[in-house]
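Engineer: Next up, start_4.cif (mmCIF, C-alpha atoms and all ligand atoms).
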data_input
loop_
_atom_site.group_PDB
_atom_site.id
_atom_site.type_symbol
_atom_site.label_atom_id
_atom_site.label_comp_id
_atom_site.auth_asym_id
_atom_site.auth_seq_id
_atom_site.Cartn_x
_atom_site.Cartn_y
_atom_site.Cartn_z
ATOM 1 C CA MET E 188 0.000 0.000 0.000
ATOM 2 C CA VAL E 189 1.620 3.247 -1.141
ATOM 3 C CA VAL E 190 -0.650 5.678 0.635
ATOM 4 C CA GLU E 191 -0.173 6.236 4.303
ATOM 5 C CA SER E 192 -3.566 6.370 5.980
ATOM 6 C CA VAL E 193 -4.483 10.000 6.465
ATOM 7 C CA PHE E 194 -6.635 8.927 9.388
ATOM 8 C CA SER E 195 -3.920 7.088 11.286
ATOM 9 C CA SER E 196 -1.395 9.879 10.606
ATOM 10 C CA GLY E 197 -3.850 12.306 12.199
ATOM 11 C CA ALA E 198 -3.557 14.531 9.131
ATOM 12 C CA LEU E 199 -7.308 14.950 8.660
ATOM 13 C CA SER E 200 -8.464 18.092 10.444
ATOM 14 C CA SER E 201 -10.446 17.562 13.627
ATOM 15 C CA ASN E 202 -13.047 20.195 12.817
ATOM 16 C CA PRO E 203 -13.012 20.471 9.036
ATOM 17 C CA ALA E 204 -15.009 22.840 6.881
ATOM 18 C CA LEU E 205 -14.809 20.283 4.083
ATOM 19 C CA CYS E 206 -13.932 16.613 4.426
ATOM 20 C CA VAL E 207 -13.848 14.061 1.604
ATOM 21 C CA GLN E 208 -13.409 10.369 2.278
ATOM 22 C CA GLY E 209 -12.918 7.567 -0.215
ATOM 23 C CA LEU E 210 -13.667 9.749 -3.238
ATOM 24 C CA THR E 211 -13.749 7.648 -6.406
ATOM 25 C CA VAL E 212 -14.613 8.717 -9.971
ATOM 26 C CA HIS E 213 -14.961 6.541 -13.069
ATOM 27 C CA TYR E 214 -15.292 7.838 -16.612
ATOM 28 C CA GLY E 215 -16.482 4.659 -18.298
ATOM 29 C CA ALA E 216 -13.662 2.160 -17.848
ATOM 30 C CA LEU E 217 -11.171 4.827 -16.753
ATOM 31 C CA VAL E 218 -10.629 5.219 -13.002
ATOM 32 C CA ALA E 219 -9.880 8.959 -12.778
ATOM 33 C CA LEU E 220 -9.881 9.031 -8.967
ATOM 34 C CA SER E 221 -9.556 6.174 -6.532
ATOM 35 C CA ASP E 222 -10.219 6.280 -2.790
ATOM 36 C CA VAL E 223 -8.998 9.830 -2.171
ATOM 37 C CA SER E 224 -9.427 11.398 1.289
ATOM 38 C CA TRP E 225 -8.525 14.868 2.536
ATOM 39 C CA SER E 226 -9.932 17.667 4.629
ATOM 40 C CA VAL E 227 -9.538 21.392 5.107
ATOM 41 C CA SER E 228 -10.446 23.545 8.097
ATOM 42 C CA PRO E 229 -11.551 27.178 8.249
ATOM 43 C CA GLY E 230 -8.472 29.383 7.827
ATOM 44 C CA GLU E 231 -6.445 26.647 6.109
ATOM 45 C CA ILE E 232 -5.117 26.156 2.602
ATOM 46 C CA LEU E 233 -4.986 22.651 1.193
ATOM 47 C CA GLY E 234 -2.965 22.282 -2.002
ATOM 48 C CA ILE E 235 -3.752 19.551 -4.511
ATOM 49 C CA ILE E 236 -0.875 18.780 -6.845
ATOM 50 C CA GLY E 237 0.036 16.060 -9.321
ATOM 51 C CA PRO E 238 1.176 15.556 -12.906
ATOM 52 C CA ASN E 239 -1.177 16.217 -15.847
ATOM 53 C CA GLY E 240 -4.087 13.803 -15.864
ATOM 54 C CA ALA E 241 -3.538 12.815 -12.221
ATOM 55 C CA GLY E 242 -7.190 13.461 -11.348
ATOM 56 C CA LYS E 243 -6.985 16.912 -9.721
ATOM 57 C CA SER E 244 -9.853 18.540 -11.626
ATOM 58 C CA SER E 245 -11.887 15.340 -11.348
ATOM 59 C CA CYS E 246 -11.497 15.733 -7.612
ATOM 60 C CA PHE E 247 -13.231 19.140 -7.817
ATOM 61 C CA GLU E 248 -15.851 17.769 -10.231
ATOM 62 C CA ALA E 249 -16.597 15.065 -7.679
ATOM 63 C CA VAL E 250 -16.663 17.379 -4.661
ATOM 64 C CA THR E 251 -19.029 19.789 -6.413
ATOM 65 C CA ALA E 252 -21.320 16.964 -7.580
ATOM 66 C CA LEU E 253 -20.701 17.579 -11.280
ATOM 67 C CA VAL E 254 -19.786 13.934 -11.974
ATOM 68 C CA ALA E 255 -21.041 10.606 -10.660
ATOM 69 C CA ARG E 256 -18.827 9.453 -7.796
ATOM 70 C CA THR E 257 -18.692 7.354 -4.653
ATOM 71 C CA GLY E 258 -17.334 8.341 -1.261
ATOM 72 C CA THR E 259 -18.569 10.806 1.321
ATOM 73 C CA ILE E 260 -18.341 14.581 1.397
ATOM 74 C CA SER E 261 -19.129 16.619 4.485
ATOM 75 C CA LEU E 262 -19.435 20.368 4.699
ATOM 76 C CA ASN E 263 -19.189 21.850 8.195
ATOM 77 C CA GLY E 264 -20.009 18.457 9.697
ATOM 78 C CA ARG E 265 -23.048 17.855 7.475
ATOM 79 C CA ASP E 266 -23.034 14.967 5.009
ATOM 80 C CA VAL E 267 -23.625 16.638 1.624
ATOM 81 C CA SER E 268 -22.788 13.623 -0.546
ATOM 82 C CA ASP E 269 -26.294 13.691 -2.046
ATOM 83 C CA VAL E 270 -26.683 17.470 -2.253
ATOM 84 C CA PRO E 271 -26.791 18.739 -5.877
ATOM 85 C CA ALA E 272 -24.235 21.273 -7.163
ATOM 86 C CA TYR E 273 -26.565 24.299 -7.083
ATOM 87 C CA ASP E 274 -27.380 23.746 -3.402
ATOM 88 C CA LEU E 275 -23.714 23.322 -2.415
ATOM 89 C CA CYS E 276 -23.143 26.915 -3.465
ATOM 90 C CA ALA E 277 -25.958 28.088 -1.186
ATOM 91 C CA LEU E 278 -24.288 26.141 1.650
ATOM 92 C CA GLY E 279 -21.109 28.194 1.178
ATOM 93 C CA MET E 280 -18.986 26.015 -1.130
ATOM 94 C CA LYS E 281 -17.844 28.023 -4.158
ATOM 95 C CA ARG E 282 -15.525 27.180 -7.021
ATOM 96 C CA ALA E 283 -13.408 28.938 -9.665
ATOM 97 C CA PHE E 284 -12.630 26.963 -12.811
ATOM 98 C CA GLN E 285 -9.417 26.404 -14.761
ATOM 99 C CA GLN E 286 -10.731 28.499 -17.672
ATOM 100 C CA ASN E 287 -12.053 32.022 -17.230
ATOM 101 C CA ALA E 288 -15.776 32.375 -17.991
ATOM 102 C CA PHE E 289 -17.323 35.851 -18.061
ATOM 103 C CA PHE E 290 -20.268 37.712 -19.553
ATOM 104 C CA ASP E 291 -18.200 39.691 -22.069
ATOM 105 C CA GLU E 292 -21.139 41.895 -23.078
ATOM 106 C CA LEU E 293 -21.318 43.195 -19.486
ATOM 107 C CA THR E 294 -18.773 45.341 -17.667
ATOM 108 C CA VAL E 295 -16.463 43.859 -15.049
ATOM 109 C CA LEU E 296 -18.565 45.534 -12.334
ATOM 110 C CA ASP E 297 -21.832 44.196 -13.776
ATOM 111 C CA ASN E 298 -20.353 40.681 -13.929
ATOM 112 C CA LEU E 299 -20.022 40.816 -10.151
ATOM 113 C CA LEU E 300 -23.449 42.427 -9.711
ATOM 114 C CA VAL E 301 -24.936 39.458 -11.591
ATOM 115 C CA VAL E 302 -23.190 37.089 -9.179
ATOM 116 C CA LEU E 303 -24.412 39.073 -6.167
ATOM 117 C CA GLY E 304 -27.921 38.394 -7.496
ATOM 118 C CA ASP E 305 -30.676 39.295 -5.044
ATOM 119 C CA ILE E 306 -28.356 41.622 -3.154
ATOM 120 C CA ALA E 307 -28.002 43.810 -6.241
ATOM 121 C CA ARG E 308 -31.337 43.303 -7.996
ATOM 122 C CA PRO E 309 -34.033 45.734 -6.871
ATOM 123 C CA GLY E 310 -36.911 43.642 -8.284
ATOM 124 C CA LEU E 311 -39.647 44.594 -10.750
ATOM 125 C CA PHE E 312 -42.139 45.816 -8.126
ATOM 126 C CA SER E 313 -39.737 48.197 -6.450
ATOM 127 C CA SER E 314 -38.302 49.392 -9.821
ATOM 128 C CA ILE E 315 -41.808 50.453 -10.957
ATOM 129 C CA PHE E 316 -43.337 51.703 -7.719
ATOM 130 C CA ASN E 317 -40.291 52.946 -5.856
ATOM 131 C CA PRO E 318 -37.675 53.833 -8.487
ATOM 132 C CA ILE E 319 -35.675 56.076 -6.147
ATOM 133 C CA ALA E 320 -35.252 53.287 -3.590
ATOM 134 C CA ALA E 321 -34.412 50.896 -6.428
ATOM 135 C CA PHE E 322 -31.796 53.331 -7.739
ATOM 136 C CA LYS E 323 -30.259 53.730 -4.266
ATOM 137 C CA ARG E 324 -30.186 49.985 -3.777
ATOM 138 C CA ARG E 325 -28.419 49.558 -7.097
ATOM 139 C CA GLN E 326 -25.937 52.306 -6.136
ATOM 140 C CA LEU E 327 -25.162 50.640 -2.801
ATOM 141 C CA ALA E 328 -24.751 47.294 -4.532
ATOM 142 C CA SER E 329 -22.350 48.901 -7.026
ATOM 143 C CA ILE E 330 -20.265 50.362 -4.188
ATOM 144 C CA ARG E 331 -20.187 46.967 -2.509
ATOM 145 C CA ALA E 332 -19.247 45.211 -5.762
ATOM 146 C CA ALA E 333 -16.465 47.754 -6.402
ATOM 147 C CA THR E 334 -15.095 47.149 -2.895
ATOM 148 C CA ILE E 335 -15.089 43.369 -3.387
ATOM 149 C CA LEU E 336 -13.366 43.704 -6.773
ATOM 150 C CA LYS E 337 -10.625 45.899 -5.298
ATOM 151 C CA GLN E 338 -10.053 43.352 -2.515
ATOM 152 C CA PHE E 339 -9.281 40.856 -5.291
ATOM 153 C CA GLY E 340 -6.831 43.157 -7.067
ATOM 154 C CA VAL E 341 -9.324 44.270 -9.752
ATOM 155 C CA HIS E 342 -8.858 48.017 -9.577
ATOM 156 C CA GLU E 343 -11.331 50.756 -10.434
ATOM 157 C CA GLN E 344 -10.001 51.492 -13.933
ATOM 158 C CA TYR E 345 -11.111 48.001 -15.034
ATOM 159 C CA HIS E 346 -14.666 48.157 -13.602
ATOM 160 C CA PRO E 347 -16.340 49.848 -16.634
ATOM 161 C CA LEU E 348 -14.550 47.602 -19.182
ATOM 162 C CA SER E 349 -15.571 44.299 -20.691
ATOM 163 C CA PRO E 350 -13.660 41.402 -19.064
ATOM 164 C CA LYS E 351 -12.161 40.570 -22.474
ATOM 165 C CA ASP E 352 -10.453 43.996 -22.517
ATOM 166 C CA ILE E 353 -8.622 43.704 -19.184
ATOM 167 C CA PRO E 354 -5.159 42.115 -18.755
ATOM 168 C CA TYR E 355 -5.042 38.336 -18.402
ATOM 169 C CA GLY E 356 -3.656 38.510 -14.869
ATOM 170 C CA VAL E 357 -6.567 40.722 -13.796
ATOM 171 C CA GLN E 358 -8.989 38.303 -15.485
ATOM 172 C CA ARG E 359 -7.664 35.505 -13.240
ATOM 173 C CA MET E 360 -8.273 37.660 -10.132
ATOM 174 C CA LEU E 361 -11.738 38.517 -11.459
ATOM 175 C CA SER E 362 -12.474 34.787 -11.747
ATOM 176 C CA ILE E 363 -11.688 34.355 -8.064
ATOM 177 C CA ALA E 364 -13.748 37.415 -7.110
ATOM 178 C CA LEU E 365 -16.731 36.082 -9.082
ATOM 179 C CA ALA E 366 -16.404 32.663 -7.470
ATOM 180 C CA PHE E 367 -16.200 34.192 -3.997
ATOM 181 C CA GLY E 368 -19.085 36.596 -4.668
ATOM 182 C CA SER E 369 -20.736 37.716 -1.458
ATOM 183 C CA GLY E 370 -18.684 35.215 0.565
ATOM 184 C CA ALA E 371 -17.670 31.580 0.852
ATOM 185 C CA LYS E 372 -16.922 29.163 3.656
ATOM 186 C CA VAL E 373 -15.040 26.863 1.312
ATOM 187 C CA LEU E 374 -13.402 28.100 -1.886
ATOM 188 C CA LEU E 375 -12.082 25.683 -4.514
ATOM 189 C CA LEU E 376 -9.588 27.196 -6.972
ATOM 190 C CA ASP E 377 -8.431 25.266 -10.035
ATOM 191 C CA GLU E 378 -4.957 26.462 -11.091
ATOM 192 C CA PRO E 379 -5.412 30.137 -10.163
ATOM 193 C CA ALA E 380 -1.750 30.883 -11.023
ATOM 194 C CA ALA E 381 -1.908 29.440 -14.556
ATOM 195 C CA GLY E 382 -0.272 31.895 -16.932
ATOM 196 C CA LEU E 383 0.492 34.524 -14.268
ATOM 197 C CA GLY E 384 3.725 36.510 -14.198
ATOM 198 C CA GLY E 385 5.784 37.649 -11.207
ATOM 199 C CA GLU E 386 3.777 40.664 -10.020
ATOM 200 C CA ASP E 387 0.396 38.981 -10.523
ATOM 201 C CA MET E 388 1.713 35.924 -8.696
ATOM 202 C CA GLU E 389 2.494 38.097 -5.687
ATOM 203 C CA ILE E 390 -1.001 39.657 -5.807
ATOM 204 C CA LEU E 391 -2.540 36.169 -5.966
ATOM 205 C CA LYS E 392 -0.455 35.042 -3.011
ATOM 206 C CA GLN E 393 -1.677 38.011 -0.965
ATOM 207 C CA ILE E 394 -5.303 37.274 -1.914
ATOM 208 C CA LEU E 395 -4.955 33.641 -0.821
ATOM 209 C CA GLN E 396 -3.360 34.669 2.464
ATOM 210 C CA ARG E 397 -6.041 37.287 3.135
ATOM 211 C CA LEU E 398 -8.856 34.789 2.529
ATOM 212 C CA LYS E 399 -7.107 32.296 4.790
ATOM 213 C CA HIS E 400 -6.794 34.870 7.574
ATOM 214 C CA GLU E 401 -10.468 35.716 7.170
ATOM 215 C CA GLY E 402 -11.272 32.074 7.968
ATOM 216 C CA VAL E 403 -12.091 30.773 4.495
ATOM 217 C CA ALA E 404 -11.139 27.135 3.901
ATOM 218 C CA LEU E 405 -9.259 27.067 0.589
ATOM 219 C CA VAL E 406 -8.530 24.098 -1.647
ATOM 220 C CA VAL E 407 -6.123 25.040 -4.429
ATOM 221 C CA ILE E 408 -5.129 22.880 -7.387
ATOM 222 C CA GLU E 409 -1.799 24.196 -8.585
ATOM 223 C CA HIS E 410 1.129 23.341 -10.845
ATOM 224 C CA HIS E 411 3.125 26.332 -9.629
ATOM 225 C CA MET E 412 5.194 24.652 -6.917
ATOM 226 C CA ASP E 413 6.817 27.763 -5.401
ATOM 227 C CA LEU E 414 3.409 29.321 -4.820
ATOM 228 C CA ILE E 415 1.622 26.290 -3.411
ATOM 229 C CA MET E 416 4.522 25.212 -1.199
ATOM 230 C CA SER E 417 4.721 28.712 0.286
ATOM 231 C CA VAL E 418 1.003 29.185 1.052
ATOM 232 C CA ALA E 419 -0.411 25.705 1.745
ATOM 233 C CA ASP E 420 -0.792 24.211 5.206
ATOM 234 C CA ARG E 421 -1.067 20.730 3.745
ATOM 235 C CA ILE E 422 -0.650 19.153 0.350
ATOM 236 C CA CYS E 423 -2.428 16.214 -1.243
ATOM 237 C CA VAL E 424 -0.462 14.635 -4.089
ATOM 238 C CA LEU E 425 -2.369 12.710 -6.740
ATOM 239 C CA ASN E 426 -0.859 10.423 -9.345
ATOM 240 C CA PHE E 427 -2.823 8.260 -11.786
ATOM 241 C CA GLY E 428 -5.964 8.975 -9.740
ATOM 242 C CA LYS E 429 -4.441 7.705 -6.504
ATOM 243 C CA GLN E 430 -3.432 9.617 -3.404
ATOM 244 C CA LEU E 431 0.328 9.337 -3.453
ATOM 245 C CA ALA E 432 1.092 11.456 -0.396
ATOM 246 C CA TYR E 433 -0.630 13.817 2.033
ATOM 247 C CA GLY E 434 1.058 16.080 4.539
ATOM 248 C CA ALA E 435 2.921 19.300 5.295
ATOM 249 C CA PRO E 436 4.694 21.001 2.352
ATOM 250 C CA GLN E 437 8.176 20.239 3.754
ATOM 251 C CA ALA E 438 7.382 16.532 4.077
ATOM 252 C CA ILE E 439 5.905 16.448 0.577
ATOM 253 C CA GLN E 440 8.981 18.145 -0.915
ATOM 254 C CA ALA E 441 11.224 15.586 0.759
ATOM 255 C CA ASP E 442 9.105 12.604 -0.361
ATOM 256 C CA SER E 443 10.979 10.524 -2.927
ATOM 257 C CA ARG E 444 7.692 9.093 -4.315
ATOM 258 C CA VAL E 445 6.538 12.621 -5.136
ATOM 259 C CA ARG E 446 9.825 13.527 -6.852
ATOM 260 C CA GLU E 447 9.635 10.340 -8.852
ATOM 261 C CA ALA E 448 6.062 11.070 -9.958
ATOM 262 C CA TYR E 449 7.065 14.540 -11.155
ATOM 263 C CA LEU E 450 10.582 13.999 -12.426
ATOM 264 C CA GLY E 451 10.783 10.274 -13.033
ATOM 265 C CA THR E 452 13.614 10.125 -10.508
ATOM 266 C CA SER E 453 13.741 9.993 -6.740
ATOM 267 C CA SER E 454 17.131 11.727 -6.559
HETATM 268 N N1 LIG E 501 -15.196 14.017 -18.862
HETATM 269 C C1 LIG E 501 -14.246 13.110 -18.986
HETATM 270 N N2 LIG E 501 -14.476 11.971 -19.679
HETATM 271 C C2 LIG E 501 -13.508 11.026 -19.803
HETATM 272 N N3 LIG E 501 -12.283 11.106 -19.261
HETATM 273 C C3 LIG E 501 -11.994 12.222 -18.568
HETATM 274 C C4 LIG E 501 -12.961 13.271 -18.396
HETATM 275 N N4 LIG E 501 -12.402 14.249 -17.652
HETATM 276 C C5 LIG E 501 -11.151 13.832 -17.372
HETATM 277 N N5 LIG E 501 -10.913 12.627 -17.936
HETATM 278 C C6 LIG E 501 -9.688 11.826 -17.792
HETATM 279 O O1 LIG E 501 -9.533 11.584 -16.407
HETATM 280 C C7 LIG E 501 -8.164 11.648 -16.039
HETATM 281 C C8 LIG E 501 -7.996 12.712 -14.977
HETATM 282 O O2 LIG E 501 -8.250 13.970 -15.581
HETATM 283 P P1 LIG E 501 -8.234 15.338 -14.743
HETATM 284 O O3 LIG E 501 -8.641 16.438 -15.675
HETATM 285 O O4 LIG E 501 -9.006 15.158 -13.512
HETATM 286 O O5 LIG E 501 -6.691 15.459 -14.388
HETATM 287 P P2 LIG E 501 -5.865 16.712 -13.877
HETATM 288 O O6 LIG E 501 -4.929 16.203 -12.844
HETATM 289 O O7 LIG E 501 -6.790 17.805 -13.493
HETATM 290 O O8 LIG E 501 -5.063 17.120 -15.178
HETATM 291 P P3 LIG E 501 -4.481 18.572 -15.635
HETATM 292 O O9 LIG E 501 -3.375 18.926 -14.697
HETATM 293 O O10 LIG E 501 -3.966 18.299 -17.013
HETATM 294 O O11 LIG E 501 -5.628 19.543 -15.623
HETATM 295 C C9 LIG E 501 -7.381 11.938 -17.315
HETATM 296 O O12 LIG E 501 -6.941 10.691 -17.835
HETATM 297 C C10 LIG E 501 -8.426 12.569 -18.227
HETATM 298 O O13 LIG E 501 -8.122 12.333 -19.585
#
Could I get this file's structure written as structure tokens?
Structural biologist:
Amino acid sequence: MVVESVFSSGALSSNPALCVQGLTVHYGALVALSDVSWSVSPGEILGIIGPNGAGKSSCFEAVTALVARTGTISLNGRDVSDVPAYDLCALGMKRAFQQNAFFDELTVLDNLLVVLGDIARPGLFSSIFNPIAAFKRRQLASIRAATILKQFGVHEQYHPLSPKDIPYGVQRMLSIALAFGSGAKVLLLDEPAAGLGGEDMEILKQILQRLKHEGVALVVIEHHMDLIMSVADRICVLNFGKQLAYGAPQAIQADSRVREAYLGTSS
């Protein structure tokens, strides 16, 4: 048995925000994920790493109920294994995807107002019968949306633009802001650093650390080793759909099985 039991090693958090146990995903005959278990507590960052095709995104697909899977998933102590994807969001589990997806015909600010939904929308009745109140509500929502965007490094000059017209690095931050929306207890980020340069990488790092300090439980799939090793509290390493290792970043970096999986050599 290659995988050390995460239960016996005491590595599973005692009071997790999100806990997955025995997660298994099949795509037809292909076993994309096999018996994977990890957890993350409020104010923690769990990194998920592994070579291409290791099953990292499938892990998120499974956790967010977007593919058929077996295993159990609990959110703040509640078994949500049978809860559909749209209800998981209402329970505080949010996710940003590997590819950016925006409403390009709307401004950056309006993209977030759409996500904020009821908070921003005055409603037909109030728009017709109380337009001033509706206008004020919309104004307050815009101020709130602008504040959230700035917290994610999307500065004011980008708010009136279409997302397609802002720099790629800012688009990645916008993706995270849209996923987070009005708040999240658990935030799943799929390769947030993909394609980012030095300065954007530093901004991303600060965003992750801020969310962590605010008590959000973060699960981050990442290929960028310097980033994930510097911010994560624990790392789960996947290889060919199996959990190869699970532990503190230092232990993972020293693990010869991990080096072999990445480099084909344990030296
Ligand atoms: N919808 C699907 N149908 C069939 N096979 C799939 C599907 N999605 C993923 N796979 C396969 O499942 C395996 C795991 O894929 P997955 O995308 O989860 O890996 P990954 O670790 O996220 O890879 P990457 O780092 O390249 O994004 C791969 O062999 C992939 O080809």
Engineer: I want to know what sits within 8 Å of region 265-271 of chain E, based on all atoms listed in the file, with residues of the same chain fewer than 6 positions away left out; could you give that as a list in words?
Structural biologist: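 Surrounding residues, per the criterion: Thr251, Ala252, Gly258 and Thr259 of chain E.
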Engineer: With distances taken over only C-alpha atoms and all ligand atoms, which of E:Gly264, E:Pro379, E:Pro229, E:Gly385 is nearest to ligand LIG 501 (chain E)?
Structural biologist: E:Pro379
Engineer: When the PyMOL selection byres (((chain E and resi 286-293) around 12) and not hetatm) is applied to the file above, which residues end up in the set, as number ranges by chain?
Structural biologist: E: 244, 282-285, 294-302, 346-353, 355-366, 376-382
Engineer: Neighbours of Gly242 (chain E) within 12 Å (only C-alpha atoms; same-chain residues fewer than 4 positions away dropped), as a VMD selection string?
Structural biologist: chain E and resid 210 to 214 217 to 223 235 to 238 246 to 249 377 408 423 to 431
Engineer: Translate the PyMOL selection byres (((chain E and resi 401) around 12) and not hetatm), as applied to the file shown, into an explicit residue set as a ChimeraX atom specification.
Structural biologist: /E:229-232,370-373,394-400,402-405
Engineer: Between E:Leu383, E:Leu262, E:Val407, E:Ala320, which is the closest to ligand LIG 501 (chain E) once you count all atoms listed in the file?
Structural biologist: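 Looking at the shortest contact to ligand LIG 501 (chain E), the residue is E:Val407.
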Engineer: Give me, please, the distance in Å between CA of Gly215 (chain E) and atom N5 of ligand LIG 501 (chain E), quoted to one decimal.
Structural biologist: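 Atom N5 of ligand LIG 501 (chain E) lies 9.7 Å from CA of Gly215 (chain E).
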Engineer: Restricting the calculation to all atoms listed in the file, which member of E:Val227, E:Ala328, E:Leu278, E:Ala216 is positioned closest to ligand LIG 501 (chain E)?
Structural biologist: E:Ala216
Engineer: Have a look at atom O10 of ligand LIG 501 (chain E) and CA of Leu233 (chain E) and let me know their distance in Å, one decimal.
Structural biologist: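 If I compute the distance from atom O10 of ligand LIG 501 (chain E) to CA of Leu233 (chain E), I get 18.7 Å.
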Engineer: Take the point (-17.9, 49.6, -6.2) in the file's coordinates, draw a sphere of radius 10 Å around it, and report as a list in words every protein, DNA or RNA residue with an atom inside or on it, counting only C-alpha atoms.
Structural biologist: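 Output of the proximity query reads Leu296, Leu299, Leu300, Gln326, Leu327, Ala328, Ser329, Ile330, Arg331, Ala332, Ala333, Thr334, Ile335, Leu336, Lys337, His342, Glu343 and His346 of chain E.
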Engineer: Rank nothing, just name the residue among E:Ala438, E:Ala241, E:Leu303, E:Ala277 nearest to ligand LIG 501 (chain E), using all atoms listed in the file.
Structural biologist: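 Among the listed residues, E:Ala241 lies closest to ligand LIG 501 (chain E).
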Engineer: Counting all atoms listed in the file, which of E:Asn239, E:Asn202, E:Gln437, E:Gln208 gets nearest to ligand LIG 501 (chain E)?
Structural biologist: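 Among E:Asn239, E:Asn202, E:Gln437, E:Gln208, it is E:Asn239 that comes nearest to ligand LIG 501 (chain E).
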Engineer: Padding of 5 Å on every side, edges along x, y and z, all listed atoms of ligand LIG 501 (chain E) included: what centre and edge lengths in Å, to one decimal, does that box have, as AutoDock Vina command-line options?
Structural biologist:
--center_x -9.3 --center_y 15.1 --center_z -16.3 --size_x 21.8 --size_y 18.9 --size_z 17.0
Engineer: Rounded to one decimal, what separation in Å do you get between CA of Leu374 (chain E) and CA of Leu205 (chain E)?
Structural biologist: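 Distance reported for this atom pair: 9.9 Å.
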Engineer: Between E:Gly304, E:Gly368, E:Gly340, E:Gly234, which has the minimum distance to His411 (chain E) (counting all atoms listed in the file)?
Structural biologist: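 Answer, going by the shortest atom-to-atom distance: E:Gly234.
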Engineer: For region 411-424 of chain E, supply N, CA and C atoms and report the output as a PDB file, in the coordinates of the input.
Structural biologist:
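Once everything was written out, this is rebuild-v7.pdb:
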ATOM      1  N   HIS E 411       2.030  25.426  -9.976  1.00  0.00           N
ATOM      2  CA  HIS E 411       3.125  26.332  -9.629  1.00  0.00           C
ATOM      3  C   HIS E 411       3.628  25.987  -8.225  1.00  0.00           C
ATOM      4  N   MET E 412       4.724  25.219  -8.189  1.00  0.00           N
ATOM      5  CA  MET E 412       5.194  24.652  -6.917  1.00  0.00           C
ATOM      6  C   MET E 412       5.631  25.702  -5.891  1.00  0.00           C
ATOM      7  N   ASP E 413       6.343  26.747  -6.360  1.00  0.00           N
ATOM      8  CA  ASP E 413       6.817  27.763  -5.401  1.00  0.00           C
ATOM      9  C   ASP E 413       5.636  28.376  -4.669  1.00  0.00           C
ATOM     10  N   LEU E 414       4.582  28.681  -5.428  1.00  0.00           N
ATOM     11  CA  LEU E 414       3.409  29.321  -4.820  1.00  0.00           C
ATOM     12  C   LEU E 414       2.741  28.375  -3.826  1.00  0.00           C
ATOM     13  N   ILE E 415       2.423  27.176  -4.260  1.00  0.00           N
ATOM     14  CA  ILE E 415       1.622  26.290  -3.411  1.00  0.00           C
ATOM     15  C   ILE E 415       2.405  25.856  -2.166  1.00  0.00           C
ATOM     16  N   MET E 416       3.717  25.628  -2.357  1.00  0.00           N
ATOM     17  CA  MET E 416       4.522  25.212  -1.199  1.00  0.00           C
ATOM     18  C   MET E 416       4.652  26.360  -0.185  1.00  0.00           C
ATOM     19  N   SER E 417       4.550  27.596  -0.654  1.00  0.00           N
ATOM     20  CA  SER E 417       4.721  28.712   0.286  1.00  0.00           C
ATOM     21  C   SER E 417       3.420  29.084   0.997  1.00  0.00           C
ATOM     22  N   VAL E 418       2.253  28.766   0.391  1.00  0.00           N
ATOM     23  CA  VAL E 418       1.003  29.185   1.052  1.00  0.00           C
ATOM     24  C   VAL E 418       0.236  28.045   1.720  1.00  0.00           C
ATOM     25  N   ALA E 419       0.454  26.801   1.264  1.00  0.00           N
ATOM     26  CA  ALA E 419      -0.411  25.705   1.745  1.00  0.00           C
ATOM     27  C   ALA E 419      -0.024  25.235   3.138  1.00  0.00           C
ATOM     28  N   ASP E 420      -1.032  24.846   3.904  1.00  0.00           N
ATOM     29  CA  ASP E 420      -0.792  24.211   5.206  1.00  0.00           C
ATOM     30  C   ASP E 420      -0.544  22.722   5.025  1.00  0.00           C
ATOM     31  N   ARG E 421      -1.245  22.143   4.068  1.00  0.00           N
ATOM     32  CA  ARG E 421      -1.067  20.730   3.745  1.00  0.00           C
ATOM     33  C   ARG E 421      -1.221  20.536   2.250  1.00  0.00           C
ATOM     34  N   ILE E 422      -0.624  19.445   1.783  1.00  0.00           N
ATOM     35  CA  ILE E 422      -0.650  19.153   0.350  1.00  0.00           C
ATOM     36  C   ILE E 422      -1.141  17.714   0.165  1.00  0.00           C
ATOM     37  N   CYS E 423      -2.000  17.561  -0.825  1.00  0.00           N
ATOM     38  CA  CYS E 423      -2.428  16.214  -1.243  1.00  0.00           C
ATOM     39  C   CYS E 423      -1.845  15.989  -2.632  1.00  0.00           C
ATOM     40  N   VAL E 424      -1.082  14.913  -2.782  1.00  0.00           N
ATOM     41  CA  VAL E 424      -0.462  14.635  -4.089  1.00  0.00           C
ATOM     42  C   VAL E 424      -1.215  13.487  -4.755  1.00  0.00           C
TER      43      VAL E 424
END
